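Below you'll find the structure, written out as structure tokens, and then a few comments.
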Amino acid sequence: ELGAEGIGLCRTEHMFFEGDRIQAMREMIMAANSAERSVALDRLLPMQQEDFEGIFRVMDGFPVTIRTLDPPLHEFLPHTEHDIETLAHATGMTVEQVQNKTAALREANPMLGHRGCRLGISYPEITAMQARAIFNAAARCVQDGVVVHPEIMIPLVADVEELRRQREVVDTVAKQVFAEHGVVVDYSVGTMIELPRAALTAAQIAEQAEFFSFGTNDLTQTTFGLSRDDAGRFLPMYVENGILPVDPFVTLDQVGVGELIEIATERGRSTRPDIKLGICGEHGGDPASVRFCHQAGLNYVSCSPFRVPVARLAAAQAALGDTERDK
């Protein structure tokens, strides 16, 4: 209805917070070993698969970018006394053991902690479960004549070796599922560029990535050294006093963050000329940011649904500006 041409970011973690799903997720986190984790993940698999199948059927013919698990695990754990007791009963642990495990998982700076691809590397069975859910769903849809274009995005990559190891898990599961279903689904694997090191080493990362999605919210945080959750206390004063021209979380900082995007674009395409490039975040609905993305040579922007019309208009104006200059 609003003119979107695909899903630029499917946050898989949101699928875990409902009903029985959050309980299975919590039991997986409490697991003492891989075998116990696999039991809980086997319960989550059909739930994730059902979600992906529904998305693919609705998006018939359009690309769907699915981000593997990103938040730190402590975000899924219980806080109320009742929920802690329920988890203890389900896992055979004592309340004290659950509380101790929860406390051990807390981090001083979770944004830069054990999250994103770091979770998938520590617990590859999580990535494998999500990949199997995606490919099972895709295979069933293809068998029913639905056109699917899954794009699997590995988050918070800082080094190509992280992506290589996670891609190996995804590709292995893909081969297994395609053999089981007797179909082959065209898919791609890429990453979200949200760390300066990822942008600077884009030539190496592009060896393993078929697309980059610039996560401009986090890339702005890590480039400026700013917490988006806390910067509101002083950023308005910075803008008011001319220290910064605009709030960099509203309009993309073209001088610093923008240069990292341009560097990553150039270096990524030097390795893989046909790499698909876009941004993901609220900047995707900001006209000035969209114009910059067009000038930088990106292929698409992704934003929240109700900002799509603004983004489409800004993209059209940027393209029209190119046409006028070419006359």
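Letters for chains follow the order of the structure tokens (A, B, ...), residue numbers begin at 1 for each chain, and ligand numbers begin at 1 in the order shown.
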
Next item on the list: Compile the contact shell of Asp247 (chain A) as a list in words: residues with an atom at most 8 Å away, counting only C-alpha atoms, same-chain residues fewer than 6 positions apart removed.
Entry: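 Counting only the stated atoms, we get Leu235, Pro236 and Val239 of chain A.
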
Checklist line | alpha helix (DSSP H) positions in region 120-287 of chain A, given as a ChimeraX atom specification | finding: /A:120-122,124-143,160-181,196-200,202-205,216-224,235-240,257-271,287

Margin query: When you look at region 98-108 of chain A with a cut-off of 12 Å (counting only C-alpha atoms), what residues show up, excluding the ones that are within fewer than 2 positions of it in the same chain? I need them as number ranges by chain.
Written below: A: 26-27, 29-32, 71-81, 83-96, 110-115

Can I get the selected residues back with N, CA and C atoms, as an mmCIF file, in the first residue's frame?
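Printed below is out-v8.cif as written:
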```cif
data_model
loop_
_atom_site.group_PDB
_atom_site.id
_atom_site.type_symbol
_atom_site.label_atom_id
_atom_site.label_comp_id
_atom_site.auth_asym_id
_atom_site.auth_seq_id
_atom_site.Cartn_x
_atom_site.Cartn_y
_atom_site.Cartn_z
ATOM 1 N N ARG A 26 14.354 -19.058 26.549
ATOM 2 C CA ARG A 26 15.006 -18.984 27.859
ATOM 3 C C ARG A 26 15.623 -20.321 28.248
ATOM 4 N N GLU A 27 14.943 -21.413 27.933
ATOM 5 C CA GLU A 27 15.499 -22.736 28.232
ATOM 6 C C GLU A 27 16.755 -22.984 27.407
ATOM 7 N N ILE A 29 18.865 -20.672 26.457
ATOM 8 C CA ILE A 29 19.929 -19.860 27.050
ATOM 9 C C ILE A 29 20.468 -20.510 28.317
ATOM 10 N N MET A 30 19.589 -21.154 29.066
ATOM 11 C CA MET A 30 20.000 -21.793 30.325
ATOM 12 C C MET A 30 20.709 -23.119 30.101
ATOM 13 N N ALA A 31 20.681 -23.633 28.897
ATOM 14 C CA ALA A 31 21.262 -24.948 28.613
ATOM 15 C C ALA A 31 22.739 -24.999 29.005
ATOM 16 N N ALA A 32 23.125 -26.133 29.532
ATOM 17 C CA ALA A 32 24.503 -26.299 30.000
ATOM 18 C C ALA A 32 25.436 -26.769 28.900
ATOM 19 N N PRO A 71 20.436 -9.434 19.349
ATOM 20 C CA PRO A 71 20.587 -8.893 20.705
ATOM 21 C C PRO A 71 21.366 -9.843 21.630
ATOM 22 N N PRO A 72 21.961 -9.286 22.689
ATOM 23 C CA PRO A 72 22.603 -10.141 23.695
ATOM 24 C C PRO A 72 21.561 -11.016 24.382
ATOM 25 N N LEU A 73 21.965 -12.185 24.830
ATOM 26 C CA LEU A 73 21.016 -13.165 25.341
ATOM 27 C C LEU A 73 20.291 -12.708 26.603
ATOM 28 N N HIS A 74 20.920 -11.855 27.397
ATOM 29 C CA HIS A 74 20.279 -11.462 28.662
ATOM 30 C C HIS A 74 18.964 -10.726 28.423
ATOM 31 N N GLU A 75 18.773 -10.161 27.218
ATOM 32 C CA GLU A 75 17.528 -9.447 26.940
ATOM 33 C C GLU A 75 16.310 -10.367 26.925
ATOM 34 N N PHE A 76 16.536 -11.657 26.756
ATOM 35 C CA PHE A 76 15.425 -12.608 26.691
ATOM 36 C C PHE A 76 15.089 -13.205 28.058
ATOM 37 N N LEU A 77 15.905 -12.961 29.059
ATOM 38 C CA LEU A 77 15.743 -13.636 30.347
ATOM 39 C C LEU A 77 14.702 -12.940 31.227
ATOM 40 N N PRO A 78 14.116 -13.705 32.162
ATOM 41 C CA PRO A 78 13.024 -13.161 32.988
ATOM 42 C C PRO A 78 13.528 -12.180 34.049
ATOM 43 N N HIS A 79 12.604 -11.296 34.461
ATOM 44 C CA HIS A 79 12.924 -10.317 35.497
ATOM 45 C C HIS A 79 12.008 -10.452 36.710
ATOM 46 N N THR A 80 10.780 -10.914 36.481
ATOM 47 C CA THR A 80 9.843 -11.020 37.601
ATOM 48 C C THR A 80 10.075 -12.327 38.361
ATOM 49 N N GLU A 81 9.685 -12.320 39.614
ATOM 50 C CA GLU A 81 9.857 -13.501 40.467
ATOM 51 C C GLU A 81 9.096 -14.698 39.902
ATOM 52 N N ASP A 83 8.247 -15.327 36.712
ATOM 53 C CA ASP A 83 8.884 -15.846 35.501
ATOM 54 C C ASP A 83 10.183 -16.581 35.816
ATOM 55 N N ILE A 84 10.913 -16.108 36.811
ATOM 56 C CA ILE A 84 12.155 -16.782 37.217
ATOM 57 C C ILE A 84 11.827 -18.156 37.789
ATOM 58 N N GLU A 85 10.787 -18.242 38.618
ATOM 59 C CA GLU A 85 10.380 -19.520 39.195
ATOM 60 C C GLU A 85 9.902 -20.480 38.107
ATOM 61 N N THR A 86 9.172 -19.954 37.133
ATOM 62 C CA THR A 86 8.691 -20.791 36.018
ATOM 63 C C THR A 86 9.855 -21.369 35.237
ATOM 64 N N LEU A 87 10.869 -20.548 34.968
ATOM 65 C CA LEU A 87 12.035 -21.017 34.220
ATOM 66 C C LEU A 87 12.820 -22.032 35.030
ATOM 67 N N ALA A 88 12.945 -21.806 36.319
ATOM 68 C CA ALA A 88 13.659 -22.748 37.176
ATOM 69 C C ALA A 88 12.963 -24.110 37.172
ATOM 70 N N HIS A 89 11.638 -24.098 37.257
ATOM 71 C CA HIS A 89 10.881 -25.354 37.245
ATOM 72 C C HIS A 89 11.038 -26.079 35.915
ATOM 73 N N ALA A 90 11.008 -25.333 34.811
ATOM 74 C CA ALA A 90 11.091 -25.942 33.478
ATOM 75 C C ALA A 90 12.461 -26.537 33.200
ATOM 76 N N THR A 91 13.498 -25.953 33.765
ATOM 77 C CA THR A 91 14.859 -26.401 33.475
ATOM 78 C C THR A 91 15.440 -27.320 34.541
ATOM 79 N N GLY A 92 14.720 -27.498 35.656
ATOM 80 C CA GLY A 92 15.248 -28.319 36.739
ATOM 81 C C GLY A 92 16.333 -27.617 37.535
ATOM 82 N N MET A 93 16.429 -26.315 37.366
ATOM 83 C CA MET A 93 17.404 -25.522 38.109
ATOM 84 C C MET A 93 16.737 -24.925 39.343
ATOM 85 N N THR A 94 17.546 -24.455 40.264
ATOM 86 C CA THR A 94 16.997 -23.721 41.395
ATOM 87 C C THR A 94 16.827 -22.259 40.996
ATOM 88 N N VAL A 95 16.009 -21.554 41.748
ATOM 89 C CA VAL A 95 15.823 -20.124 41.495
ATOM 90 C C VAL A 95 17.156 -19.399 41.584
ATOM 91 N N GLU A 96 17.958 -19.790 42.550
ATOM 92 C CA GLU A 96 19.271 -19.152 42.727
ATOM 93 C C GLU A 96 20.169 -19.390 41.510
ATOM 94 N N PRO A 110 26.458 -3.772 26.645
ATOM 95 C CA PRO A 110 25.924 -4.839 25.784
ATOM 96 C C PRO A 110 25.905 -4.508 24.299
ATOM 97 N N MET A 111 25.849 -3.217 23.940
ATOM 98 C CA MET A 111 25.841 -2.868 22.525
ATOM 99 C C MET A 111 27.099 -3.357 21.827
ATOM 100 N N LEU A 112 28.211 -3.365 22.547
ATOM 101 C CA LEU A 112 29.477 -3.804 21.970
ATOM 102 C C LEU A 112 29.931 -5.126 22.573
ATOM 103 N N GLY A 113 28.990 -5.871 23.114
ATOM 104 C CA GLY A 113 29.336 -7.095 23.818
ATOM 105 C C GLY A 113 29.070 -8.358 23.023
ATOM 106 N N HIS A 114 28.546 -9.367 23.720
ATOM 107 C CA HIS A 114 28.352 -10.698 23.146
ATOM 108 C C HIS A 114 27.013 -10.743 22.419
ATOM 109 N N ARG A 115 27.004 -10.227 21.204
ATOM 110 C CA ARG A 115 25.776 -10.153 20.410
ATOM 111 C C ARG A 115 26.131 -10.304 18.940
#
```

Margin query: What does the structure give for the distance between CA of Gln143 (chain A) and CA of Gly61 (chain A), in Å to one decimal?
Written below: 14.1 Å

Checklist line | Polymer residues at most 12 Å from Glu162 (chain A), only C-alpha atoms, same-chain spacing of 2 or more positions, as a ChimeraX atom specification | finding: /A:116-122,124,154-160,164-169,190-191,198,204-205,208-209

Notebook entry, point to check: Can you tell me, as an NGL selection string, what residues are no more than 8 Å from Gly215 (chain A) when counting only C-alpha atoms, ignoring any on the same chain fewer than 2 positions away?
Noted result: :A and (192-194 or 213 or 217-219 or 279-281)

Margin query: Can you tell me, as JSON, numbers by chain, which residues in region 61-180 of chain A count as strand (DSSP E) by DSSP?
Written below: {"A": [63, 64, 65, 66, 67, 149, 150, 151, 152, 153, 154]}

Near Gly258 (chain A), within 9 Å and counting only C-alpha atoms, which residues show up once chain neighbours fewer than 6 positions away are dropped, as a compact mmCIF listing (two decimals) with N, CA, C and O atoms, in the first residue's frame?
```txt
# COMPACT_ATOMS: atom_id res chain seq x y z
N LEU A 252 21.80 11.73 8.24
CA LEU A 252 23.10 11.07 8.17
C LEU A 252 24.25 12.08 8.14
O LEU A 252 24.23 13.06 7.40
N PHE A 292 21.94 11.47 -0.30
CA PHE A 292 23.34 11.08 -0.17
C PHE A 292 23.54 9.63 -0.63
O PHE A 292 24.51 9.32 -1.33
N CYS A 293 22.64 8.74 -0.23
CA CYS A 293 22.76 7.33 -0.62
C CYS A 293 22.73 7.18 -2.13
O CYS A 293 23.46 6.36 -2.70
N ALA A 296 26.03 8.30 -3.45
CA ALA A 296 27.09 7.35 -3.11
C ALA A 296 27.02 6.07 -3.93
O ALA A 296 27.91 5.23 -3.86
```

Check: Do you have the CA of Pro245 (chain A)-CA of Ser289 (chain A) distance handy?
Finding: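 These two atoms are separated by 13.8 Å.
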
Checklist line | Close residues, Ala24 (chain A) itself excluded, 9 Å, only C-alpha atoms, min 3 positions apart in chain, as a PyMOL selection string | finding: chain A and resi 16+20-21+27-29+40-41+43-44

Note to self: Would you compute the distance between CA of Ser188 (chain A) and CA of Ile7 (chain A)? Give it in Å to one decimal.
What the structure shows: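 Here the two named atoms are 14.3 Å from each other.
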
Note to self: Nearest residue to Val301 (chain A) out of A:Val183, A:Phe234, A:Phe212, A:Thr172, using only C-alpha atoms?
What the structure shows: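 Smallest separation from Val301 (chain A) among the options: A:Phe212.
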
Margin query: Ranking A:Cys141, A:Ile126, A:Ile134, A:Ala203 by minimum distance to Val177 (chain A) and counting only C-alpha atoms, which one comes first?
Written below: A:Ile134

Item checked: Which residue of A:Glu262, A:Ser270, A:Phe224, A:His82 approaches Pro248 (chain A) most closely, using only C-alpha atoms -> A:Phe224

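Using only C-alpha atoms for every distance, the candidate list A:Thr127, A:Thr223, A:Thr65, A:Thr216 yields A:Thr65 as the residue closest to Val148 (chain A).
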